[in-house]
file run-v3.tsv (TSV, C-alpha atoms)
chain	number	residue	atom	x	y	z
W	1	ARG	CA	-1.41	-1.17	22.35
W	2	ASN	CA	-2.77	1.78	24.30
W	3	ASP	CA	0.01	2.60	26.77
W	4	ALA	CA	-1.88	5.61	28.18
W	5	ARG	CA	-3.49	5.36	31.61
W	6	TRP	CA	-6.86	6.30	30.09
W	7	PRO	CA	-9.02	5.06	27.20
W	8	GLN	CA	-8.53	6.75	23.85
W	9	ALA	CA	-10.46	7.01	20.61
W	10	TRP	CA	-9.39	4.46	18.01
W	11	PRO	CA	-6.82	5.98	15.64
W	12	LEU	CA	-6.98	6.17	11.88
W	13	LEU	CA	-4.68	3.62	10.30
W	14	GLN	CA	-2.80	4.92	7.26
W	15	LEU	CA	-1.26	2.42	4.85
W	16	THR	CA	1.18	3.55	2.15
W	17	LEU	CA	2.42	1.21	-0.59
W	18	SER	CA	5.64	2.16	-2.39
W	19	ASP	CA	7.42	0.98	-5.53
W	20	ILE	CA	11.00	-0.29	-5.82
W	21	ASN	CA	12.28	3.32	-5.83
W	22	GLY	CA	10.46	4.20	-2.61
W	23	VAL	CA	7.87	6.29	-4.44
W	24	PRO	CA	4.36	5.93	-2.97
W	25	VAL	CA	1.99	4.31	-5.46
W	26	ALA	CA	-1.09	3.99	-3.24
W	27	GLN	CA	-2.27	5.26	0.12
W	28	GLY	CA	-5.37	4.75	2.21
W	29	ARG	CA	-6.66	5.88	5.57
W	30	TYR	CA	-8.95	3.53	7.46
W	31	ALA	CA	-11.25	4.06	10.42
W	32	ALA	CA	-11.58	1.48	13.19
W	33	THR	CA	-14.78	0.14	11.62
W	34	GLN	CA	-12.69	-0.81	8.58
W	35	TYR	CA	-9.68	-2.42	10.29
W	36	LEU	CA	-11.25	-4.11	13.33
W	37	ALA	CA	-13.16	-7.33	12.80
W	38	GLY	CA	-16.57	-7.47	14.43
W	39	ALA	CA	-18.01	-5.21	17.08
W	40	HIS	CA	-15.71	-3.05	19.17
W	41	ALA	CA	-15.98	-0.46	21.91
W	42	ALA	CA	-15.89	3.24	21.03
W	43	THR	CA	-12.46	3.55	22.65
W	44	ILE	CA	-9.38	1.40	23.16
W	45	GLY	CA	-8.89	0.88	26.87
W	46	SER	CA	-5.73	1.49	28.86
W	47	GLY	CA	-3.33	-1.42	28.26
W	48	GLN	CA	-5.59	-2.92	25.59
W	49	THR	CA	-4.12	-4.38	22.41
W	50	ALA	CA	-5.88	-5.02	19.12
W	51	THR	CA	-5.38	-7.12	16.03
W	52	VAL	CA	-6.08	-5.38	12.75
W	53	GLN	CA	-6.82	-6.80	9.33
W	54	LEU	CA	-6.78	-5.15	5.91
W	55	ASN	CA	-7.22	-6.93	2.60
W	56	VAL	CA	-4.91	-5.21	0.13
W	57	THR	CA	-4.72	-5.59	-3.63
W	58	ASP	CA	-1.38	-4.70	-5.22
W	59	PRO	CA	-1.87	-1.67	-7.46
W	60	PRO	CA	-0.74	-1.88	-11.10
W	61	GLN	CA	2.46	0.02	-10.21
W	62	LYS	CA	3.84	-3.07	-8.42
W	63	ALA	CA	4.25	-2.06	-4.81
W	64	VAL	CA	7.20	-3.73	-3.08
W	65	SER	CA	7.07	-2.11	0.36
W	66	PHE	CA	4.55	-0.76	2.84
W	67	ASP	CA	4.34	1.57	5.80
W	68	PHE	CA	1.72	1.83	8.54
W	69	ALA	CA	1.03	4.99	10.53
W	70	LEU	CA	-1.45	5.60	13.33
W	71	LEU	CA	-3.08	9.01	13.08
W	72	PRO	CA	-5.47	10.95	15.34
W	73	PRO	CA	-9.13	10.09	14.72
W	74	ALA	CA	-10.74	12.00	11.86
W	75	ASP	CA	-13.19	13.74	14.20
W	76	GLY	CA	-10.40	14.75	16.58
W	77	ALA	CA	-12.13	12.84	19.38
W	78	ASN	CA	-10.16	12.36	22.55
W	79	THR	CA	-11.52	10.96	25.77
W	80	ARG	CA	-9.20	12.95	28.03
call {"tool": "encode", "arguments": {"input": "run-v3.tsv", "output": "structure tokens"}}
result
Amino acid sequence: RNDARWPQAWPLLQLTLSDINGVPVAQGRYAATQYLAGAHAATIGSGQTATVQLNVTDPPQKAVSFDFALLPPADGANTR
């Protein structure tokens, strides 16, 4: 959800998979075109929410946990 009073560029979504010891075994960063289904506006509007979808294959190291992080857009774009 964008809680700002202005539209913002879609963030990068970072997914980290970790093994039973908490050691990261895989990590990926995904742009909005990769995690949003279908067409979307260039920015996420004030108060707007979004549903994301990623298809993940468990790496050979047997991931047992995951962590999501939202990061600034790769191009540093900001609409304010």
call {"tool": "closest_residue", "arguments": {"input": "run-v3.tsv", "among": "W:Gln8, W:Asn55, W:Ser46, W:Asn2", "to": "W:Tyr30", "atoms": "all atoms listed in the file"}}
result
W:Asn55
call {"tool": "closest_residue", "arguments": {"input": "run-v3.tsv", "among": "W:Val25, W:Leu36, W:Leu70, W:Ala4", "to": "W:Asp58", "atoms": "all atoms listed in the file"}}
result
W:Val25
call {"tool": "closest_residue", "arguments": {"input": "run-v3.tsv", "among": "W:Ile20, W:Ala9, W:Ala39, W:Ala32", "to": "W:Gln53", "atoms": "only C-alpha atoms"}}
result
W:Ala32
call {"tool": "residues_around", "arguments": {"input": "run-v3.tsv", "residues": "W:Asp3", "least_positions_apart": "6", "cutoff": "12 Å", "atoms": "all atoms listed in the file", "output": "list in words"}}
result
Ile44, Gly45, Ser46, Gly47, Gln48 and Thr49 of chain W
call {"tool": "closest_residue", "arguments": {"input": "run-v3.tsv", "among": "W:Gly28, W:Gly22, W:Gly38, W:Pro11", "to": "W:Lys62", "atoms": "all atoms listed in the file"}}
result
W:Gly22
call {"tool": "atom_distance", "arguments": {"input": "run-v3.tsv", "atom1": "atom CA of W:Asn21", "atom2": "atom CA of W:Asp67"}}
result
14.2 Å
call {"tool": "residues_near_point", "arguments": {"input": "run-v3.tsv", "point": "(-3.5, 1.5, 6.6)", "cutoff": "7 Å", "atoms": "only C-alpha atoms", "output": "list in words"}}
result
Leu13, Gln14, Leu15, Thr16, Gly28, Arg29, Tyr30, Phe68 and Ala69 of chain W
call {"tool": "atom_distance", "arguments": {"input": "run-v3.tsv", "atom1": "atom CA of W:Ala26", "atom2": "atom CA of W:Val64"}}
result
11.3 Å
call {"tool": "build_atoms", "arguments": {"input": "run-v3.tsv", "residues": "stretch 19-33 of chain W", "atoms": "N, CA and C atoms", "output": "compact mmCIF listing (two decimals), keeping the file's coordinate frame"}}
result
# COMPACT_ATOMS: atom_id res chain seq x y z
N ASP W 19 6.78 1.79 -4.50
CA ASP W 19 7.42 0.98 -5.53
C ASP W 19 8.88 0.73 -5.18
N ILE W 20 9.61 0.09 -6.08
CA ILE W 20 11.00 -0.29 -5.82
C ILE W 20 11.91 0.91 -5.57
N ASN W 21 11.50 2.10 -6.04
CA ASN W 21 12.28 3.32 -5.83
C ASN W 21 11.86 4.09 -4.58
N GLY W 22 10.93 3.53 -3.82
CA GLY W 22 10.46 4.20 -2.61
C GLY W 22 9.40 5.26 -2.86
N VAL W 23 8.90 5.31 -4.08
CA VAL W 23 7.87 6.29 -4.44
C VAL W 23 6.50 5.71 -4.08
N PRO W 24 5.70 6.42 -3.29
CA PRO W 24 4.36 5.93 -2.97
C PRO W 24 3.51 5.75 -4.23
N VAL W 25 2.86 4.59 -4.32
CA VAL W 25 1.99 4.31 -5.46
C VAL W 25 0.53 4.19 -5.05
N ALA W 26 0.28 4.06 -3.75
CA ALA W 26 -1.09 3.99 -3.24
C ALA W 26 -1.08 4.31 -1.75
N GLN W 27 -2.16 4.94 -1.30
CA GLN W 27 -2.27 5.26 0.12
C GLN W 27 -3.73 5.25 0.51
N GLY W 28 -4.01 4.75 1.69
CA GLY W 28 -5.37 4.75 2.21
C GLY W 28 -5.37 5.03 3.69
N ARG W 29 -6.45 5.66 4.14
CA ARG W 29 -6.66 5.88 5.57
C ARG W 29 -7.93 5.15 5.96
N TYR W 30 -7.86 4.41 7.06
CA TYR W 30 -8.95 3.53 7.46
C TYR W 30 -9.38 3.80 8.89
N ALA W 31 -10.67 3.89 9.09
CA ALA W 31 -11.25 4.06 10.42
C ALA W 31 -11.33 2.70 11.11
N ALA W 32 -11.52 2.71 12.41
CA ALA W 32 -11.58 1.48 13.19
C ALA W 32 -12.63 0.51 12.65
N THR W 33 -13.74 1.02 12.16
CA THR W 33 -14.78 0.14 11.62
C THR W 33 -14.28 -0.63 10.40
